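J.: Structure supplied as final_12.pdb; contents: PDB, C-alpha atoms, pLDDT in the B column.
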ATOM      1  CA  MET A  14     106.416 117.630 136.011  1.00 51.00           C
ATOM      2  CA  GLU A  15     107.333 118.931 132.555  1.00 58.00           C
ATOM      3  CA  LYS A  16     110.374 116.654 132.270  1.00 65.00           C
ATOM      4  CA  GLU A  17     108.258 113.529 132.817  1.00 66.00           C
ATOM      5  CA  GLY A  18     105.938 114.510 129.976  1.00 62.00           C
ATOM      6  CA  LEU A  19     108.910 115.246 127.735  1.00 60.00           C
ATOM      7  CA  LYS A  20     110.498 111.849 128.484  1.00 66.00           C
ATOM      8  CA  LYS A  21     107.189 110.148 127.685  1.00 67.00           C
ATOM      9  CA  GLU A  22     106.939 111.990 124.356  1.00 68.00           C
ATOM     10  CA  VAL A  23     110.528 111.102 123.458  1.00 64.00           C
ATOM     11  CA  LYS A  24     109.807 107.450 124.227  1.00 67.00           C
ATOM     12  CA  HIS A  25     106.694 107.473 122.012  1.00 81.00           C
ATOM     13  CA  TYR A  26     108.605 109.312 119.266  1.00 82.00           C
ATOM     14  CA  GLU A  27     111.388 106.753 119.309  1.00 83.00           C
ATOM     15  CA  ARG A  28     108.936 103.839 119.307  1.00 88.00           C
ATOM     16  CA  ASN A  29     106.867 105.264 116.455  1.00 90.00           C
ATOM     17  CA  VAL A  30     109.900 106.007 114.288  1.00 91.00           C
ATOM     18  CA  THR A  31     111.262 102.519 114.985  1.00 91.00           C
ATOM     19  CA  ILE A  32     107.974 100.906 113.943  1.00 94.00           C
ATOM     20  CA  ILE A  33     107.868 102.965 110.745  1.00 95.00           C
ATOM     21  CA  LEU A  34     111.479 102.059 109.946  1.00 95.00           C
ATOM     22  CA  VAL A  35     110.834  98.354 110.548  1.00 95.00           C
ATOM     23  CA  ILE A  36     107.810  98.416 108.221  1.00 96.00           C
ATOM     24  CA  LEU A  37     109.762 100.258 105.521  1.00 95.00           C
ATOM     25  CA  THR A  38     112.665  97.829 105.843  1.00 95.00           C
ATOM     26  CA  VAL A  39     110.351  94.830 105.473  1.00 96.00           C
ATOM     27  CA  ILE A  40     108.821  96.408 102.365  1.00 95.00           C
ATOM     28  CA  SER A  41     112.326  97.005 101.026  1.00 95.00           C
ATOM     29  CA  LEU A  42     113.296  93.377 101.635  1.00 94.00           C
ATOM     30  CA  VAL A  43     110.165  92.199  99.772  1.00 93.00           C
ATOM     31  CA  ILE A  44     111.077  94.488  96.870  1.00 92.00           C
ATOM     32  CA  ASP A  45     114.615  93.055  96.910  1.00 91.00           C
ATOM     33  CA  PHE A  46     113.202  89.525  96.885  1.00 91.00           C
ATOM     34  CA  ILE A  47     111.037  90.234  93.848  1.00 88.00           C
ATOM     35  CA  ALA A  48     113.782  92.089  91.992  1.00 87.00           C
ATOM     36  CA  TYR A  49     116.505  89.527  92.609  1.00 86.00           C
ATOM     37  CA  THR A  50     114.169  86.642  91.759  1.00 85.00           C
ATOM     38  CA  GLY A  51     113.437  88.320  88.445  1.00 82.00           C
ATOM     39  CA  MET A  52     117.124  88.918  87.790  1.00 79.00           C
ATOM     40  CA  VAL A  53     118.338  85.437  88.736  1.00 79.00           C
ATOM     41  CA  TYR A  54     115.655  83.576  86.809  1.00 81.00           C
ATOM     42  CA  SER A  55     115.688  85.884  83.783  1.00 75.00           C
ATOM     43  CA  ASP A  56     116.440  83.134  81.267  1.00 74.00           C
ATOM     44  CA  GLU A  57     113.173  82.845  79.337  1.00 70.00           C
ATOM     45  CA  THR A  58     114.016  79.510  77.747  1.00 68.00           C
ATOM     46  CA  ILE A  59     114.150  77.694  81.070  1.00 75.00           C
ATOM     47  CA  TYR A  60     111.885  79.637  83.445  1.00 75.00           C
ATOM     48  CA  GLN A  61     108.432  81.111  82.978  1.00 78.00           C
ATOM     49  CA  ILE A  62     108.642  84.364  84.913  1.00 78.00           C
ATOM     50  CA  ASP A  63     106.116  86.443  83.017  1.00 82.00           C
ATOM     51  CA  ALA A  64     104.192  87.230  86.211  1.00 83.00           C
ATOM     52  CA  ILE A  65     107.298  88.474  88.036  1.00 83.00           C
ATOM     53  CA  ARG A  66     108.430  90.436  84.996  1.00 84.00           C
ATOM     54  CA  SER A  67     105.032  92.109  84.642  1.00 87.00           C
ATOM     55  CA  VAL A  68     105.114  93.094  88.323  1.00 86.00           C
ATOM     56  CA  MET A  69     108.657  94.443  88.025  1.00 86.00           C
ATOM     57  CA  ASN A  70     107.830  96.481  84.914  1.00 87.00           C
ATOM     58  CA  SER A  71     104.649  97.994  86.311  1.00 91.00           C
ATOM     59  CA  GLY A  72     104.556 101.664  87.146  1.00 91.00           C
ATOM     60  CA  LEU A  73     103.187 100.962  90.609  1.00 93.00           C
ATOM     61  CA  PHE A  74     106.211  98.807  91.462  1.00 91.00           C
ATOM     62  CA  MET A  75     108.618 101.515  90.300  1.00 92.00           C
ATOM     63  CA  ILE A  76     106.780 104.131  92.344  1.00 94.00           C
ATOM     64  CA  LEU A  77     106.871 101.801  95.357  1.00 93.00           C
ATOM     65  CA  ILE A  78     110.633 101.351  94.958  1.00 92.00           C
ATOM     66  CA  TRP A  79     111.314 105.077  94.887  1.00 93.00           C
ATOM     67  CA  VAL A  80     108.884 105.992  97.655  1.00 95.00           C
ATOM     68  CA  ASP A  81     110.216 103.221  99.902  1.00 94.00           C
ATOM     69  CA  ASN A  82     113.852 104.172  99.331  1.00 94.00           C
ATOM     70  CA  ILE A  83     113.290 107.876  99.921  1.00 95.00           C
ATOM     71  CA  ALA A  84     111.114 107.169 102.983  1.00 96.00           C
ATOM     72  CA  ILE A  85     113.826 104.933 104.462  1.00 95.00           C
ATOM     73  CA  TYR A  86     116.443 107.652 104.062  1.00 95.00           C
ATOM     74  CA  ILE A  87     114.209 110.340 105.593  1.00 95.00           C
ATOM     75  CA  THR A  88     113.056 108.076 108.426  1.00 95.00           C
ATOM     76  CA  ASN A  89     116.680 107.215 109.175  1.00 94.00           C
ATOM     77  CA  LEU A  90     117.386 110.905 109.756  1.00 93.00           C
ATOM     78  CA  PHE A  91     114.599 111.052 112.340  1.00 90.00           C
ATOM     79  CA  TYR A  92     115.708 107.724 113.788  1.00 90.00           C
ATOM     80  CA  PHE A  93     119.260 109.034 114.150  1.00 90.00           C
ATOM     81  CA  ALA A  94     117.936 112.102 115.980  1.00 86.00           C
ATOM     82  CA  GLY A  95     116.050 109.796 118.355  1.00 83.00           C
ATOM     83  CA  ILE A  96     119.183 107.701 118.919  1.00 85.00           C
ATOM     84  CA  ILE A  97     121.206 110.741 119.889  1.00 83.00           C
ATOM     85  CA  SER A  98     118.554 111.966 122.310  1.00 78.00           C
ATOM     86  CA  SER A  99     117.973 108.613 124.038  1.00 76.00           C
ATOM     87  CA  LYS A 100     121.565 107.294 124.188  1.00 76.00           C
ATOM     88  CA  ARG A 101     120.213 103.832 124.987  1.00 78.00           C
ATOM     89  CA  ASP A 102     121.303 100.774 123.004  1.00 84.00           C
ATOM     90  CA  MET A 103     123.090 103.017 120.525  1.00 87.00           C
ATOM     91  CA  ILE A 104     125.134 100.288 118.837  1.00 90.00           C
ATOM     92  CA  VAL A 105     122.099  98.089 118.151  1.00 91.00           C
ATOM     93  CA  LYS A 106     120.078 101.020 116.843  1.00 90.00           C
ATOM     94  CA  ILE A 107     122.896 102.258 114.616  1.00 91.00           C
ATOM     95  CA  ALA A 108     123.368  98.722 113.264  1.00 93.00           C
ATOM     96  CA  PHE A 109     119.655  98.530 112.435  1.00 93.00           C
ATOM     97  CA  MET A 110     119.827 101.950 110.817  1.00 93.00           C
ATOM     98  CA  ILE A 111     122.729 100.823 108.608  1.00 93.00           C
ATOM     99  CA  PHE A 112     120.930  97.563 107.778  1.00 93.00           C
ATOM    100  CA  SER A 113     117.803  99.427 106.704  1.00 94.00           C
ATOM    101  CA  VAL A 114     119.823 101.646 104.361  1.00 94.00           C
ATOM    102  CA  LEU A 115     121.721  98.668 102.945  1.00 92.00           C
ATOM    103  CA  SER A 116     118.452  96.823 102.303  1.00 91.00           C
ATOM    104  CA  THR A 117     117.294  99.393  99.747  1.00 92.00           C
ATOM    105  CA  ILE A 118     117.450  98.313  96.126  1.00 89.00           C
ATOM    106  CA  LEU A 119     119.423 101.406  95.124  1.00 88.00           C
ATOM    107  CA  ILE A 120     122.290 100.589  97.486  1.00 91.00           C
ATOM    108  CA  ASN A 121     122.134  96.894  96.579  1.00 89.00           C
ATOM    109  CA  LEU A 122     122.509  97.678  92.887  1.00 86.00           C
ATOM    110  CA  GLN A 123     125.433  99.993  93.614  1.00 90.00           C
ATOM    111  CA  ILE A 124     127.158  97.241  95.603  1.00 89.00           C
ATOM    112  CA  VAL A 125     126.560  94.718  92.802  1.00 86.00           C
ATOM    113  CA  ASN A 126     127.936  97.169  90.233  1.00 88.00           C
ATOM    114  CA  LEU A 127     130.988  97.863  92.409  1.00 91.00           C
ATOM    115  CA  ILE A 128     131.751  94.156  92.754  1.00 91.00           C
ATOM    116  CA  ALA A 129     131.189  93.616  89.027  1.00 87.00           C
ATOM    117  CA  ASP A 130     133.604  96.450  88.230  1.00 90.00           C
ATOM    118  CA  LEU A 131     136.192  95.004  90.585  1.00 91.00           C
ATOM    119  CA  PHE A 132     136.111  91.681  88.785  1.00 90.00           C
ATOM    120  CA  GLY A 133     135.665  93.177  85.308  1.00 85.00           C
ATOM    121  CA  MET A 134     132.316  91.544  84.647  1.00 77.00           C
ATOM    122  CA  PHE A 135     130.625  94.419  82.817  1.00 63.00           C
TER     123      PHE A 135
END
Starting from the file, lay out its structure as structure tokens.

T.:
Amino acid sequence: MEKEGLKKEVKHYERNVTIILVILTVISLVIDFIAYTGMVYSDETIYQIDAIRSVMNSGLFMILIWVDNIAIYITNLFYFAGIISSKRDMIVKIAFMIFSVLSTILINLQIVNLIADLFGMF
């Protein structure tokens, strides 16, 4: 009887952590969209991006970036613990876990800087 209750709790735990990770990843992708739009269209003589620039320079946006990135990393630890305990669809779950980490703006900027260093752009 106890094992059935434990399996049910593990299933709810895994589902809840997955939902939280999906929401955080979507927020991270929206942040990436705003940040990369501001970076690509940063030429003030051609494009009027004052609204995007004001959003990107706001304190609330910076707090959102940091909170989202840290929450994704912490949630991934719990998600990884759920993957190990369930052992179901491990490859798909690990791929989603890697995607969620790679969608953070901190990792994206590190990848861009690495590629720029490889080609001597900066």

J.: Where does the PyMOL selection byres ((chain A and resi 35) around 12) land in this file, that is, which residues does it pick, as a short mmCIF file (atom, residue, chain, number, x, y, z; two decimals) with C-alpha atoms, keeping the file's coordinate frame?

T.:
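Full text of expr-v5.cif as output:
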data_model
loop_
_atom_site.label_atom_id
_atom_site.label_comp_id
_atom_site.auth_asym_id
_atom_site.auth_seq_id
_atom_site.Cartn_x
_atom_site.Cartn_y
_atom_site.Cartn_z
CA ARG A 28 108.94 103.84 119.31
CA ASN A 29 106.87 105.26 116.46
CA VAL A 30 109.90 106.01 114.29
CA THR A 31 111.26 102.52 114.98
CA ILE A 32 107.97 100.91 113.94
CA ILE A 33 107.87 102.96 110.74
CA LEU A 34 111.48 102.06 109.95
CA ILE A 36 107.81 98.42 108.22
CA LEU A 37 109.76 100.26 105.52
CA THR A 38 112.66 97.83 105.84
CA VAL A 39 110.35 94.83 105.47
CA ILE A 40 108.82 96.41 102.36
CA SER A 41 112.33 97.00 101.03
CA LEU A 42 113.30 93.38 101.64
CA ASP A 81 110.22 103.22 99.90
CA ALA A 84 111.11 107.17 102.98
CA ILE A 85 113.83 104.93 104.46
CA THR A 88 113.06 108.08 108.43
CA ASN A 89 116.68 107.22 109.18
CA TYR A 92 115.71 107.72 113.79
CA LYS A 106 120.08 101.02 116.84
CA PHE A 109 119.66 98.53 112.44
CA MET A 110 119.83 101.95 110.82
CA PHE A 112 120.93 97.56 107.78
CA SER A 113 117.80 99.43 106.70
CA VAL A 114 119.82 101.65 104.36
CA SER A 116 118.45 96.82 102.30
#

J.: What is the atom CA of A:Asp45 to atom CA of A:Ile104 distance in Å?

T.: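 Atom CA of A:Asp45 sits 25.4 Å away from atom CA of A:Ile104.
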
J.: Give the answer as one residue: which of A:Phe91, A:Met103, A:Ile96, A:Tyr49 has the shortest atom-to-atom distance to A:Val125, using only C-alpha atoms?

T.: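 Once distances to A:Val125 are computed over only C-alpha atoms, the minimum belongs to A:Tyr49.
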
J.: Atom CA of A:Tyr26 and atom CA of A:Ile118, how far apart in Å?

T.: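 These two atoms are separated by 27.1 Å.
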
J.: Check the smallest atom-to-atom distance from each of A:Val43, A:Ala94, A:Met52, A:Ile128 to A:Leu77 using all atoms listed in the file, then report the winner.

T.: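 Closest candidate: A:Val43.
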
J.: If we count only C-alpha atoms and set the cut-off at 12 Å, which residues sit around A:Phe74, ignoring sequence neighbours fewer than 2 positions away in its own chain? Please answer as a list of chain:residue names.

T.: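 Skipping anything fewer than 2 positions along the chain leaves A:Ile40, A:Ser41, A:Val43, A:Ile44, A:Asp45, A:Ile47, A:Ala48, A:Ile65, A:Arg66, A:Ser67, A:Val68, A:Met69, A:Asn70, A:Ser71, A:Gly72, A:Ile76, A:Leu77, A:Ile78, A:Trp79, A:Val80, A:Asp81.
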